[in-house]
>>> print(open('query-v4.cif').read())   # mmCIF, C-alpha atoms
data_work
loop_
_atom_site.label_atom_id
_atom_site.label_comp_id
_atom_site.auth_asym_id
_atom_site.auth_seq_id
_atom_site.Cartn_x
_atom_site.Cartn_y
_atom_site.Cartn_z
CA MET P 13 -9.42 -30.37 -77.14
CA PRO P 14 -11.23 -33.47 -75.77
CA SER P 15 -13.71 -32.92 -73.02
CA SER P 16 -14.15 -35.05 -69.96
CA ARG P 17 -16.90 -37.65 -69.52
CA THR P 18 -19.01 -35.26 -67.57
CA SER P 19 -18.51 -32.58 -70.23
CA ARG P 20 -17.27 -30.26 -67.50
CA PRO P 21 -14.11 -28.23 -67.77
CA PRO P 22 -11.22 -29.58 -65.75
CA ALA P 23 -11.09 -28.24 -62.21
CA ARG P 24 -8.46 -25.72 -61.50
CA ARG P 25 -6.21 -26.20 -58.53
CA ALA P 26 -6.09 -23.49 -55.93
CA PRO P 27 -2.83 -21.59 -55.86
CA LYS P 28 -0.42 -22.73 -53.19
CA ARG P 29 -0.08 -20.53 -50.17
CA PRO P 30 3.36 -19.30 -49.21
CA SER P 31 5.09 -21.43 -46.64
CA GLY P 32 5.34 -18.49 -44.22
CA ASP P 33 1.56 -17.98 -44.07
CA ARG P 34 0.93 -21.69 -43.52
CA SER P 35 3.43 -21.87 -40.69
CA SER P 36 1.92 -18.82 -38.98
CA GLN P 37 -1.58 -20.29 -39.26
CA GLU P 38 -0.55 -23.70 -38.06
CA ASN P 39 1.50 -22.35 -35.15
CA PRO P 40 -0.76 -22.27 -32.08
CA VAL P 41 1.46 -19.75 -30.30
CA ALA P 42 1.20 -17.31 -33.20
CA ARG P 43 -2.58 -17.76 -33.33
CA PHE P 44 -2.82 -17.14 -29.59
CA VAL P 45 -0.70 -13.99 -29.81
CA THR P 46 -2.79 -12.70 -32.71
CA ARG P 47 -6.05 -13.33 -30.89
CA ALA P 48 -4.68 -11.76 -27.71
CA ARG P 49 -3.67 -8.62 -29.61
CA ARG P 50 -7.10 -8.37 -31.17
CA ALA P 51 -8.72 -8.78 -27.75
CA TRP P 52 -6.52 -6.07 -26.21
CA ASP P 53 -7.34 -3.69 -29.06
CA ARG P 54 -11.11 -3.99 -28.69
CA PRO P 55 -12.89 -0.79 -27.62
CA LEU P 56 -14.45 -2.30 -24.48
CA THR P 57 -11.31 -4.02 -23.18
CA ALA P 58 -10.51 -1.28 -20.65
CA TYR P 59 -14.14 -1.14 -19.53
CA TYR P 60 -14.31 -4.89 -18.83
CA LEU P 61 -10.88 -4.94 -17.18
CA ILE P 62 -11.75 -2.14 -14.77
CA LEU P 63 -15.20 -3.49 -13.93
CA GLY P 64 -14.22 -7.15 -13.69
CA GLY P 65 -10.85 -6.59 -12.01
CA SER P 66 -12.21 -4.28 -9.32
CA LEU P 67 -15.14 -6.57 -8.54
CA LEU P 68 -12.88 -9.63 -8.30
CA ILE P 69 -10.47 -7.81 -5.98
CA THR P 70 -13.35 -6.64 -3.78
CA VAL P 71 -14.99 -10.06 -3.56
CA LEU P 72 -11.71 -11.82 -2.82
CA GLY P 73 -10.96 -9.12 -0.25
CA LEU P 74 -14.27 -9.81 1.51
CA VAL P 75 -13.40 -13.50 1.70
CA MET P 76 -9.95 -12.80 3.10
CA VAL P 77 -11.25 -10.20 5.57
CA TYR P 78 -13.66 -12.81 6.93
CA SER P 79 -10.87 -15.36 7.22
CA ALA P 80 -8.22 -13.04 8.66
CA SER P 81 -10.44 -11.16 11.15
CA GLN P 82 -12.20 -14.02 12.91
CA ILE P 83 -9.54 -14.56 15.58
CA THR P 84 -9.13 -10.83 16.20
CA ALA P 85 -12.90 -10.46 16.65
CA LEU P 86 -13.09 -13.38 19.08
CA GLN P 87 -10.17 -12.02 21.08
CA MET P 88 -12.13 -8.77 21.45
CA SER P 89 -15.20 -10.72 22.68
CA LEU P 90 -17.03 -9.95 19.43
CA PRO P 91 -18.78 -12.29 16.98
CA GLY P 92 -16.44 -13.93 14.51
CA SER P 93 -18.14 -12.25 11.55
CA TYR P 94 -18.08 -8.75 13.12
CA PHE P 95 -15.44 -7.21 10.86
CA PHE P 96 -16.77 -9.03 7.81
CA ARG P 97 -20.26 -7.62 8.30
CA LYS P 98 -18.91 -4.09 8.59
CA GLN P 99 -16.77 -4.57 5.49
CA PHE P 100 -19.71 -6.05 3.59
CA LEU P 101 -21.83 -3.03 4.52
CA ALA P 102 -19.08 -0.70 3.32
CA ALA P 103 -18.73 -2.70 0.09
CA SER P 104 -22.48 -2.46 -0.51
CA LEU P 105 -22.42 1.31 -0.05
CA GLY P 106 -19.30 1.47 -2.20
CA ALA P 107 -21.05 -0.47 -4.97
CA LEU P 108 -23.79 2.17 -4.98
CA LEU P 109 -21.16 4.92 -5.18
CA LEU P 110 -19.41 3.05 -7.99
CA LEU P 111 -22.67 2.74 -9.93
CA LEU P 112 -23.48 6.40 -9.33
CA ALA P 113 -20.02 7.59 -10.40
CA SER P 114 -20.03 5.37 -13.50
CA ARG P 115 -23.32 6.92 -14.68
CA MET P 116 -22.47 10.54 -13.94
CA PRO P 117 -21.41 12.76 -16.85
CA VAL P 118 -17.93 14.24 -16.92
CA LYS P 119 -19.28 17.76 -16.36
CA LEU P 120 -20.84 16.69 -13.06
CA HIS P 121 -17.57 15.11 -11.93
CA ARG P 122 -15.81 18.39 -12.61
CA ALA P 123 -18.52 20.29 -10.75
CA LEU P 124 -17.99 18.09 -7.67
CA ALA P 125 -14.24 18.75 -7.53
CA TYR P 126 -14.34 21.91 -5.41
CA PRO P 127 -17.11 20.76 -2.99
CA ILE P 128 -15.26 17.49 -2.31
CA LEU P 129 -11.99 19.37 -1.72
CA ALA P 130 -13.68 21.82 0.66
CA GLY P 131 -15.38 18.98 2.53
CA ALA P 132 -12.11 17.04 2.87
CA VAL P 133 -10.28 20.11 4.23
CA CYS P 134 -13.05 20.79 6.77
CA LEU P 135 -12.97 17.18 7.97
CA LEU P 136 -9.18 17.23 8.27
CA VAL P 137 -9.44 20.36 10.42
CA LEU P 138 -12.13 18.76 12.60
CA VAL P 139 -9.82 15.81 13.25
CA GLN P 140 -7.56 18.11 15.29
CA VAL P 141 -10.45 19.52 17.37
CA PRO P 142 -10.49 17.99 20.88
CA GLY P 143 -13.60 15.96 21.49
CA ILE P 144 -14.25 15.36 17.78
CA GLY P 145 -11.07 13.75 16.52
CA MET P 146 -9.89 10.45 17.96
CA ALA P 147 -6.58 8.59 17.95
CA VAL P 148 -6.16 5.03 16.64
CA ASN P 149 -2.77 3.28 16.99
CA GLY P 150 -1.16 6.57 17.96
CA ASN P 151 -2.42 8.54 14.92
CA GLN P 152 -4.90 11.38 15.41
CA ASN P 153 -6.70 11.04 12.09
CA TRP P 154 -10.17 9.65 12.86
CA ILE P 155 -13.61 11.10 13.58
CA SER P 156 -16.10 9.07 15.57
CA LEU P 157 -19.57 8.72 14.03
CA GLY P 158 -21.07 7.03 17.06
CA GLY P 159 -20.94 3.45 18.18
CA SER P 160 -18.28 1.40 16.42
CA PHE P 161 -18.20 3.53 13.27
CA GLN P 162 -15.36 5.96 12.52
CA ILE P 163 -14.34 7.90 9.45
CA GLN P 164 -10.82 8.71 8.27
CA PRO P 165 -10.93 12.04 6.37
CA SER P 166 -7.44 11.61 4.94
CA GLU P 167 -8.77 8.84 2.67
CA PHE P 168 -11.21 11.28 1.10
CA GLY P 169 -8.34 13.72 0.62
CA LYS P 170 -6.97 11.41 -2.09
CA LEU P 171 -10.19 11.59 -4.09
CA ALA P 172 -10.38 15.35 -3.54
CA LEU P 173 -6.83 15.90 -4.83
CA VAL P 174 -7.44 13.78 -7.93
CA LEU P 175 -10.66 15.54 -8.96
CA TRP P 176 -9.61 19.07 -8.06
CA GLY P 177 -6.10 18.72 -9.49
CA ALA P 178 -7.40 17.25 -12.75
CA ASP P 179 -9.97 20.02 -13.14
CA LEU P 180 -7.40 22.72 -12.33
CA ILE P 181 -4.79 21.48 -14.80
CA ALA P 182 -7.41 20.90 -17.51
CA ARG P 183 -8.66 24.49 -17.18
CA LYS P 184 -5.13 25.86 -17.42
CA GLN P 185 -4.41 23.68 -20.44
CA ASP P 186 -7.49 25.05 -22.19
CA LYS P 187 -6.15 28.56 -21.57
CA ARG P 188 -2.62 27.49 -22.63
CA LEU P 189 -1.08 28.52 -19.33
CA LEU P 190 0.88 25.34 -18.56
CA ALA P 191 3.91 26.60 -20.46
CA GLN P 192 4.62 28.95 -17.54
CA TRP P 193 6.10 27.25 -14.49
CA LYS P 194 4.17 29.39 -12.00
CA HIS P 195 0.85 28.24 -13.48
CA MET P 196 2.10 24.66 -13.42
CA LEU P 197 2.80 24.83 -9.68
CA VAL P 198 0.32 27.38 -8.31
CA PRO P 199 -2.07 26.65 -6.72
CA LEU P 200 -1.66 22.86 -7.21
CA VAL P 201 1.48 22.41 -5.11
CA PRO P 202 0.50 24.81 -2.25
CA VAL P 203 -2.94 23.18 -1.85
CA THR P 204 -1.37 19.72 -1.90
CA PHE P 205 1.15 20.75 0.75
CA MET P 206 -1.74 22.12 2.84
CA LEU P 207 -3.43 18.72 2.67
CA LEU P 208 -0.14 17.01 3.52
CA GLY P 209 0.34 19.29 6.51
CA LEU P 210 -3.14 18.61 7.87
CA ILE P 211 -2.62 14.88 7.47
CA MET P 212 0.85 14.96 9.04
CA LEU P 213 -0.60 16.72 12.09
CA GLY P 214 -2.30 13.42 12.78
CA GLY P 215 0.87 11.43 12.16
CA ASP P 216 -0.34 9.57 9.05
CA MET P 217 2.88 9.23 7.07
CA GLY P 218 1.51 6.57 4.71
CA THR P 219 -1.32 8.70 3.34
CA THR P 220 1.06 11.62 2.78
CA ILE P 221 3.19 9.37 0.58
CA ILE P 222 0.14 8.44 -1.50
CA LEU P 223 -0.89 12.10 -1.92
CA THR P 224 2.68 12.97 -2.93
CA ALA P 225 2.58 10.21 -5.54
CA ILE P 226 -0.72 11.60 -6.89
CA LEU P 227 0.85 15.08 -7.11
CA PHE P 228 3.82 13.76 -9.08
CA GLY P 229 1.49 11.78 -11.34
CA LEU P 230 -0.52 14.89 -12.17
CA LEU P 231 2.63 16.94 -12.82
CA TRP P 232 4.05 14.23 -15.05
CA LEU P 233 0.81 13.99 -17.06
CA ALA P 234 0.75 17.78 -17.38
CA GLY P 235 4.18 17.67 -18.98
CA ALA P 236 6.16 19.36 -16.21
CA PRO P 237 9.79 20.06 -17.19
CA THR P 238 12.46 17.84 -15.68
CA ARG P 239 13.94 20.67 -13.61
CA LEU P 240 10.56 21.58 -12.18
CA PHE P 241 9.74 17.97 -11.49
CA ALA P 242 13.12 17.42 -9.81
CA GLY P 243 12.69 20.55 -7.69
CA VAL P 244 9.33 19.47 -6.29
CA LEU P 245 10.70 15.96 -5.70
CA THR P 246 13.68 17.37 -3.81
CA VAL P 247 11.46 19.46 -1.55
CA ALA P 248 9.25 16.44 -0.86
CA LEU P 249 12.25 14.23 -0.05
CA VAL P 250 13.69 16.82 2.33
CA LEU P 251 10.38 17.19 4.17
CA GLY P 252 9.99 13.41 4.31
CA ALA P 253 13.50 12.98 5.69
CA ILE P 254 12.78 15.54 8.41
CA ALA P 255 9.53 13.78 9.31
CA ILE P 256 11.31 10.42 9.56
CA GLU P 257 14.32 11.78 11.45
CA THR P 258 12.16 13.41 14.12
CA SER P 259 10.19 10.22 14.85
CA PRO P 260 11.89 7.18 16.45
CA HIS P 261 8.93 5.03 15.42
CA ARG P 262 9.45 5.86 11.73
CA LEU P 263 13.20 5.30 12.06
CA ASN P 264 12.54 1.81 13.43
CA ARG P 265 10.27 1.04 10.48
CA LEU P 266 12.95 2.16 8.08
CA ALA P 267 15.49 -0.05 9.85
CA CYS P 268 13.25 -3.12 9.46
CA ILE P 269 13.53 -3.29 5.68
CA GLY P 270 14.64 -6.81 4.80
CA ALA P 271 14.72 -7.91 8.44
CA THR P 272 14.50 -11.66 9.16
CA ASP P 273 14.62 -11.37 12.96
CA PRO P 274 12.32 -9.37 15.28
CA GLY P 275 15.37 -7.58 16.67
CA PRO P 276 15.78 -5.90 20.05
CA LYS P 277 12.48 -5.14 21.81
CA ASP P 278 10.71 -6.81 18.86
CA ILE P 279 10.72 -3.61 16.81
CA CYS P 280 10.47 -5.65 13.58
CA TRP P 281 7.88 -8.13 14.89
CA GLN P 282 5.15 -7.28 12.38
CA GLY P 283 7.36 -7.30 9.30
CA VAL P 284 9.13 -10.54 10.23
CA HIS P 285 5.91 -12.42 10.97
CA GLY P 286 4.51 -11.19 7.66
CA ILE P 287 7.48 -12.90 5.97
CA TYR P 288 6.84 -16.03 8.06
CA ALA P 289 3.23 -16.11 6.84
CA LEU P 290 4.26 -15.81 3.19
CA ALA P 291 7.01 -18.40 3.56
CA SER P 292 4.72 -20.99 5.15
CA GLY P 293 2.12 -20.72 2.38
CA GLY P 294 4.06 -22.57 -0.28
CA ILE P 295 2.67 -22.82 -3.81
CA PHE P 296 -1.03 -23.36 -3.07
CA GLY P 297 -1.23 -22.36 0.59
CA SER P 298 -2.40 -24.09 3.72
CA GLY P 299 -6.07 -23.67 2.85
CA LEU P 300 -8.66 -20.98 3.33
CA GLY P 301 -9.05 -20.25 7.05
CA ALA P 302 -6.02 -22.34 8.05
CA SER P 303 -3.60 -19.48 8.73
CA VAL P 304 -1.45 -19.80 11.85
CA GLU P 305 -0.04 -16.27 11.98
CA LYS P 306 -3.47 -14.68 12.39
CA TRP P 307 -3.79 -16.34 15.82
CA GLY P 308 -2.24 -13.33 17.52
CA GLN P 309 1.25 -13.51 16.03
CA LEU P 310 0.71 -11.11 13.11
CA PRO P 311 -0.61 -7.65 14.07
CA GLU P 312 -3.18 -6.02 11.73
CA ALA P 313 -3.75 -9.30 9.92
CA HIS P 314 -7.03 -8.13 8.37
CA THR P 315 -5.94 -4.57 7.51
CA ASP P 316 -2.39 -3.62 6.50
CA PHE P 317 -1.02 -7.19 6.39
CA ILE P 318 -3.93 -9.03 4.79
CA PHE P 319 -1.69 -9.81 1.82
CA ALA P 320 0.50 -11.91 4.14
CA VAL P 321 -2.51 -13.95 5.31
CA THR P 322 -3.53 -14.36 1.66
CA GLY P 323 -0.09 -15.77 0.89
CA GLU P 324 -0.28 -18.17 3.83
CA GLU P 325 -3.75 -19.49 3.05
CA LEU P 326 -3.81 -19.31 -0.78
CA GLY P 327 -0.08 -19.61 -1.42
CA LEU P 328 1.93 -18.20 -4.26
CA ALA P 329 -0.95 -18.85 -6.66
CA GLY P 330 -3.26 -16.61 -4.63
CA THR P 331 -0.79 -13.76 -4.27
CA LEU P 332 0.11 -13.83 -7.95
CA SER P 333 -3.60 -13.71 -8.80
CA VAL P 334 -3.99 -10.57 -6.69
CA LEU P 335 -0.95 -9.00 -8.36
CA ALA P 336 -2.32 -9.87 -11.80
CA LEU P 337 -5.65 -8.22 -10.99
CA PHE P 338 -3.95 -5.02 -9.85
CA ALA P 339 -1.71 -5.08 -12.92
CA ALA P 340 -4.77 -5.41 -15.19
CA LEU P 341 -6.47 -2.57 -13.35
CA GLY P 342 -3.41 -0.37 -13.73
CA TYR P 343 -3.05 -1.20 -17.42
CA ALA P 344 -6.70 -0.38 -18.06
CA GLY P 345 -6.37 2.96 -16.26
CA ILE P 346 -3.30 3.89 -18.32
CA ARG P 347 -5.13 2.90 -21.49
CA VAL P 348 -8.11 5.12 -20.63
CA ALA P 349 -5.81 8.05 -19.87
CA GLY P 350 -3.84 7.54 -23.07
CA ARG P 351 -6.74 7.19 -25.52
CA THR P 352 -8.95 10.08 -24.46
CA GLU P 353 -8.92 13.56 -25.98
CA ASP P 354 -10.52 15.23 -22.95
CA PRO P 355 -7.80 16.78 -20.73
CA PHE P 356 -9.82 16.36 -17.52
CA VAL P 357 -10.44 12.69 -18.24
CA ARG P 358 -6.74 12.17 -18.95
CA TYR P 359 -5.60 13.78 -15.71
CA ALA P 360 -8.32 12.24 -13.55
CA ALA P 361 -7.79 8.73 -14.95
CA GLY P 362 -4.03 9.09 -14.54
CA GLY P 363 -4.45 10.37 -10.99
CA VAL P 364 -6.73 7.50 -9.97
CA THR P 365 -4.39 4.95 -11.58
CA THR P 366 -1.39 6.48 -9.79
CA TRP P 367 -3.28 6.44 -6.49
CA ILE P 368 -4.35 2.79 -6.64
CA THR P 369 -1.10 1.50 -8.13
CA ALA P 370 1.17 3.40 -5.73
CA GLN P 371 -0.86 2.35 -2.70
CA ALA P 372 -0.82 -1.30 -3.79
CA VAL P 373 2.94 -1.20 -4.39
CA ILE P 374 3.62 0.42 -0.99
CA ASN P 375 1.42 -2.07 0.88
CA ILE P 376 2.71 -5.19 -0.88
CA GLY P 377 6.30 -3.93 -0.75
CA ALA P 378 6.00 -3.49 3.03
CA VAL P 379 4.61 -7.02 3.45
CA LEU P 380 7.45 -8.43 1.36
CA GLY P 381 10.01 -6.52 3.44
CA LEU P 382 11.17 -4.44 0.48
CA LEU P 383 9.75 -1.12 1.73
CA PRO P 384 9.16 0.37 5.17
CA ILE P 385 5.80 -0.33 6.77
CA ALA P 386 3.74 2.75 5.93
CA GLY P 387 0.41 1.69 7.45
CA VAL P 388 -1.62 1.99 4.24
CA PRO P 389 -4.29 -0.60 3.33
CA LEU P 390 -4.34 -2.64 0.15
CA PRO P 391 -6.92 -0.90 -2.10
CA LEU P 392 -10.30 -2.68 -2.38
CA PHE P 393 -8.84 -5.61 -0.42
CA SER P 394 -8.01 -4.66 3.16
CA TYR P 395 -10.54 -4.04 5.91
CA GLY P 396 -11.64 -0.43 6.29
CA GLY P 397 -14.75 1.35 5.07
CA SER P 398 -13.10 4.79 5.03
CA ALA P 399 -10.60 3.54 2.47
CA LEU P 400 -13.07 1.41 0.51
CA LEU P 401 -15.74 4.06 -0.17
CA PRO P 402 -13.60 6.71 -1.94
CA THR P 403 -11.66 4.00 -3.78
CA MET P 404 -14.83 2.47 -5.22
CA PHE P 405 -16.03 5.93 -6.22
CA ALA P 406 -12.71 6.40 -8.01
CA ILE P 407 -13.21 3.05 -9.78
CA GLY P 408 -16.60 4.35 -10.90
CA LEU P 409 -14.78 7.34 -12.38
CA LEU P 410 -12.56 5.04 -14.44
CA ILE P 411 -15.59 3.05 -15.60
CA ALA P 412 -17.36 6.24 -16.67
CA PHE P 413 -14.28 7.39 -18.56
CA ALA P 414 -13.86 3.98 -20.22
CA ARG P 415 -17.49 4.02 -21.36
CA ASP P 416 -17.09 7.53 -22.72
CA GLU P 417 -14.42 6.59 -25.27
CA PRO P 418 -15.72 7.02 -28.85
CA GLY P 419 -15.06 3.40 -29.74
CA ALA P 420 -16.60 2.15 -26.50
CA ARG P 421 -19.70 4.29 -26.99
CA ALA P 422 -20.18 2.88 -30.47
CA ALA P 423 -19.65 -0.70 -29.28
CA LEU P 424 -22.14 -0.29 -26.43
CA ALA P 425 -24.70 1.28 -28.78
CA LEU P 426 -24.46 -1.69 -31.16
CA ARG P 427 -25.08 -4.26 -28.48
CA GLN P 428 -28.57 -5.78 -28.88
CA PRO P 429 -30.48 -8.52 -27.06
CA ARG P 430 -29.86 -11.99 -28.41
CA PHE P 431 -33.51 -12.72 -29.21
CA GLY P 432 -34.25 -9.35 -30.82
CA ARG P 433 -37.05 -6.96 -30.09
CA LYS P 434 -40.78 -6.93 -30.70
CA ARG P 435 -42.09 -5.28 -33.79
CA ALA P 436 -43.47 -1.82 -33.20
CA GLY P 437 -47.16 -1.00 -33.51
CA GLY P 438 -50.28 -2.96 -32.59
CA SER P 439 -50.85 -5.65 -30.04
CA VAL P 440 -49.53 -9.18 -30.14
CA SER P 441 -52.84 -10.55 -31.41
CA ASP P 442 -52.93 -7.99 -34.25
CA ARG P 443 -49.41 -8.78 -35.35
CA GLY P 444 -49.96 -12.52 -35.51
CA PRO P 445 -47.35 -15.03 -34.37
CA ARG P 446 -44.24 -13.66 -32.70
CA ARG P 447 -41.23 -13.36 -35.02
CA TRP P 448 -37.65 -13.01 -33.87
CA ASN P 449 -34.90 -10.94 -35.45
CA THR P 450 -32.57 -13.86 -36.02
CA MET P 451 -29.82 -13.93 -38.61
CA ARG P 452 -32.02 -16.03 -40.94
CA ARG P 453 -34.89 -13.56 -40.65
CA ARG P 454 -32.64 -10.57 -41.37
CA ALA P 455 -31.14 -12.36 -44.40
CA SER P 456 -34.54 -13.09 -45.91
CA VAL P 457 -35.68 -9.52 -45.42
CA ALA P 458 -32.53 -8.18 -47.08
CA ARG P 459 -33.16 -10.12 -50.31
CA SER P 460 -34.53 -8.25 -53.31
CA SER P 461 -37.97 -9.14 -54.76
CA GLY P 462 -36.40 -10.85 -57.77
CA GLU P 463 -34.47 -13.42 -55.75
CA ARG P 464 -35.87 -16.82 -54.95
#
>>> encode(input="query-v4.cif", output="structure tokens")
Amino acid sequence: MPSSRTSRPPARRAPKRPSGDRSSQENPVARFVTRARRAWDRPLTAYYLILGGSLLITVLGLVMVYSASQITALQMSLPGSYFFRKQFLAASLGALLLLLASRMPVKLHRALAYPILAGAVCLLVLVQVPGIGMAVNGNQNWISLGGSFQIQPSEFGKLALVLWGADLIARKQDKRLLAQWKHMLVPLVPVTFMLLGLIMLGGDMGTTIILTAILFGLLWLAGAPTRLFAGVLTVALVLGAIAIETSPHRLNRLACIGATDPGPKDICWQGVHGIYALASGGIFGSGLGASVEKWGQLPEAHTDFIFAVTGEELGLAGTLSVLALFAALGYAGIRVAGRTEDPFVRYAAGGVTTWITAQAVINIGAVLGLLPIAGVPLPLFSYGGSALLPTMFAIGLLIAFARDEPGARAALALRQPRFGRKRAGGSVSDRGPRRWNTMRRRASVARSSGER
């Protein structure tokens, strides 16, 4: 057979790829979906989502608190940055709590469950003591710390229920007692009802709804039977109906769902002006600081209805960004709870996720006119140090749990500085010129002595 001029064998053509593979590689949508799936499946995805999402929500909340509270502060003859400075101080303390909780081992979190529960119960009892407890907006659920600082013990009751309930159910699961309905309910449900009763003595209906949601979340994660779950839900609905029926103020709030007019005696004033603020924002809003409703028309503009001011100043784009951040935070919490093998971590992560998600849904639903106004703040976003501190500690819990996943631990252990590390032994002068552990250096070291 004749050879070519170059005396080289003829080049062989590469086999043709199937048309399906080529189309999938050339399709940008398919490539994007594939890369997105790979990114979601990475071990540190939940860790980065929780850390980044919570920090973004907190920072954006500080900006909106400063914008929404200026007029209220000036009307009270206070500096315009008064509420922002208090919120910034609370966020700084909360960041320390978040860092502390994220570095604590799981055993220490479990050890703190009973002390936190006992402290929350004592504070809730002190709220009802004359001279110690104080009323704000008609609710007796605050304790004065002197000056302009107050604490709301019911907010710490959420954290106490999550930690204590998760530890209790995890212990019973280890002893294989959850198959019996009495161990499923006792003492979880009685203690929760005790907390609800202490909170309802102060008239805080919104916080009782959040604690009830946490209770149902824990029971659902524990695998409660449908009949048992439905029985507890029925009792909770009956008690809630009695609490609403015996309070004209709560009946008015229930009647304002979907209202577009303030109504007689302006009973729906707050809800309607929240809708006005959202409607006037448009797609991109009127601009940061340019809200009109915060000039005395919208009550609690920097606390319960800060989402309405966000919609007015940042528009639909701003509100959807906030919703996306909460959705990412909720997804990451569910992922942490679903991938762990530790029962306590599963129940605690699920409880925290239920707490933050339910509170965000109730707050945003009230602003949108889809739910009754419950008087609960938007987590990590609204003004209020008593709500911010336990929430940031709970975020630290999720971060600690996300870091403790086997895949996440391995990924964090493999992370190295970009420029490598110094060689061990001797001083710099003894070692000669500094050498870096770059890819080229590692490749040359890996070669055998016979290679050139």
>>> resolve_selection(input="query-v4.cif", expression="the PyMOL selection byres ((chain P and resi 244) around 12)", output="count of residues only")
29
>>> atom_distance(input="query-v4.cif", atom1="CA of Pro384 (chain P)", atom2="CA of Ala103 (chain P)")
28.5 Å
>>> atom_distance(input="query-v4.cif", atom1="CA of His121 (chain P)", atom2="CA of Ser156 (chain P)")
28.2 Å
>>> axis_aligned_box(input="query-v4.cif", around="region 209-217 of chain P", padding_each_side="4 Å", output="JSON")
{"center_x": -0.1, "center_y": 14.3, "center_z": 9.6, "size_x": 14.0, "size_y": 18.1, "size_z": 14.3}
>>> closest_residue(input="query-v4.cif", among="P:Ser114, P:Thr70, P:Thr366, P:Ser303", to="Arg415 (chain P)", atoms="all atoms listed in the file")
P:Ser114
>>> resolve_selection(input="query-v4.cif", expression="the PyMOL selection byres ((chain P and resi 57) around 12)", output="CSV table (one decimal) with C-alpha atoms, in the coordinates of the input")
chain,number,residue,atom,x,y,z
P,48,ALA,CA,-4.7,-11.8,-27.7
P,49,ARG,CA,-3.7,-8.6,-29.6
P,50,ARG,CA,-7.1,-8.4,-31.2
P,51,ALA,CA,-8.7,-8.8,-27.8
P,52,TRP,CA,-6.5,-6.1,-26.2
P,53,ASP,CA,-7.3,-3.7,-29.1
P,54,ARG,CA,-11.1,-4.0,-28.7
P,55,PRO,CA,-12.9,-0.8,-27.6
P,56,LEU,CA,-14.4,-2.3,-24.5
P,58,ALA,CA,-10.5,-1.3,-20.6
P,59,TYR,CA,-14.1,-1.1,-19.5
P,60,TYR,CA,-14.3,-4.9,-18.8
P,61,LEU,CA,-10.9,-4.9,-17.2
P,62,ILE,CA,-11.8,-2.1,-14.8
P,63,LEU,CA,-15.2,-3.5,-13.9
P,64,GLY,CA,-14.2,-7.2,-13.7
P,65,GLY,CA,-10.8,-6.6,-12.0
P,340,ALA,CA,-4.8,-5.4,-15.2
P,341,LEU,CA,-6.5,-2.6,-13.4
P,343,TYR,CA,-3.0,-1.2,-17.4
P,344,ALA,CA,-6.7,-0.4,-18.1
P,345,GLY,CA,-6.4,3.0,-16.3
P,347,ARG,CA,-5.1,2.9,-21.5
P,348,VAL,CA,-8.1,5.1,-20.6
P,411,ILE,CA,-15.6,3.0,-15.6
P,414,ALA,CA,-13.9,4.0,-20.2
P,415,ARG,CA,-17.5,4.0,-21.4
P,417,GLU,CA,-14.4,6.6,-25.3
P,419,GLY,CA,-15.1,3.4,-29.7
P,420,ALA,CA,-16.6,2.2,-26.5
P,423,ALA,CA,-19.6,-0.7,-29.3
P,424,LEU,CA,-22.1,-0.3,-26.4
>>> closest_residue(input="query-v4.cif", among="P:His285, P:His195, P:Lys170, P:Lys306", to="Gln87 (chain P)", atoms="all atoms listed in the file")
P:Lys306
>>> resolve_selection(input="query-v4.cif", expression="the PyMOL selection byres ((chain P and resi 358) around 12)", output="ChimeraX atom specification")
/P:118,174-175,177-179,181-182,185,229-230,232-234,345-357,359-365,409-410,413-414,416-417
>>> atom_distance(input="query-v4.cif", atom1="CA of Leu207 (chain P)", atom2="CA of Ala147 (chain P)")
18.6 Å
>>> closest_residue(input="query-v4.cif", among="P:Ser79, P:Asn39, P:Thr46, P:Ser160", to="Glu325 (chain P)", atoms="only C-alpha atoms")
P:Ser79
>>> closest_residue(input="query-v4.cif", among="P:Gly131, P:Ile226, P:Tyr288, P:Thr322", to="Leu300 (chain P)", atoms="all atoms listed in the file")
P:Thr322
>>> closest_residue(input="query-v4.cif", among="P:Gly323, P:Gly218, P:Gly275, P:Gly283", to="Gly301 (chain P)", atoms="all atoms listed in the file")
P:Gly323
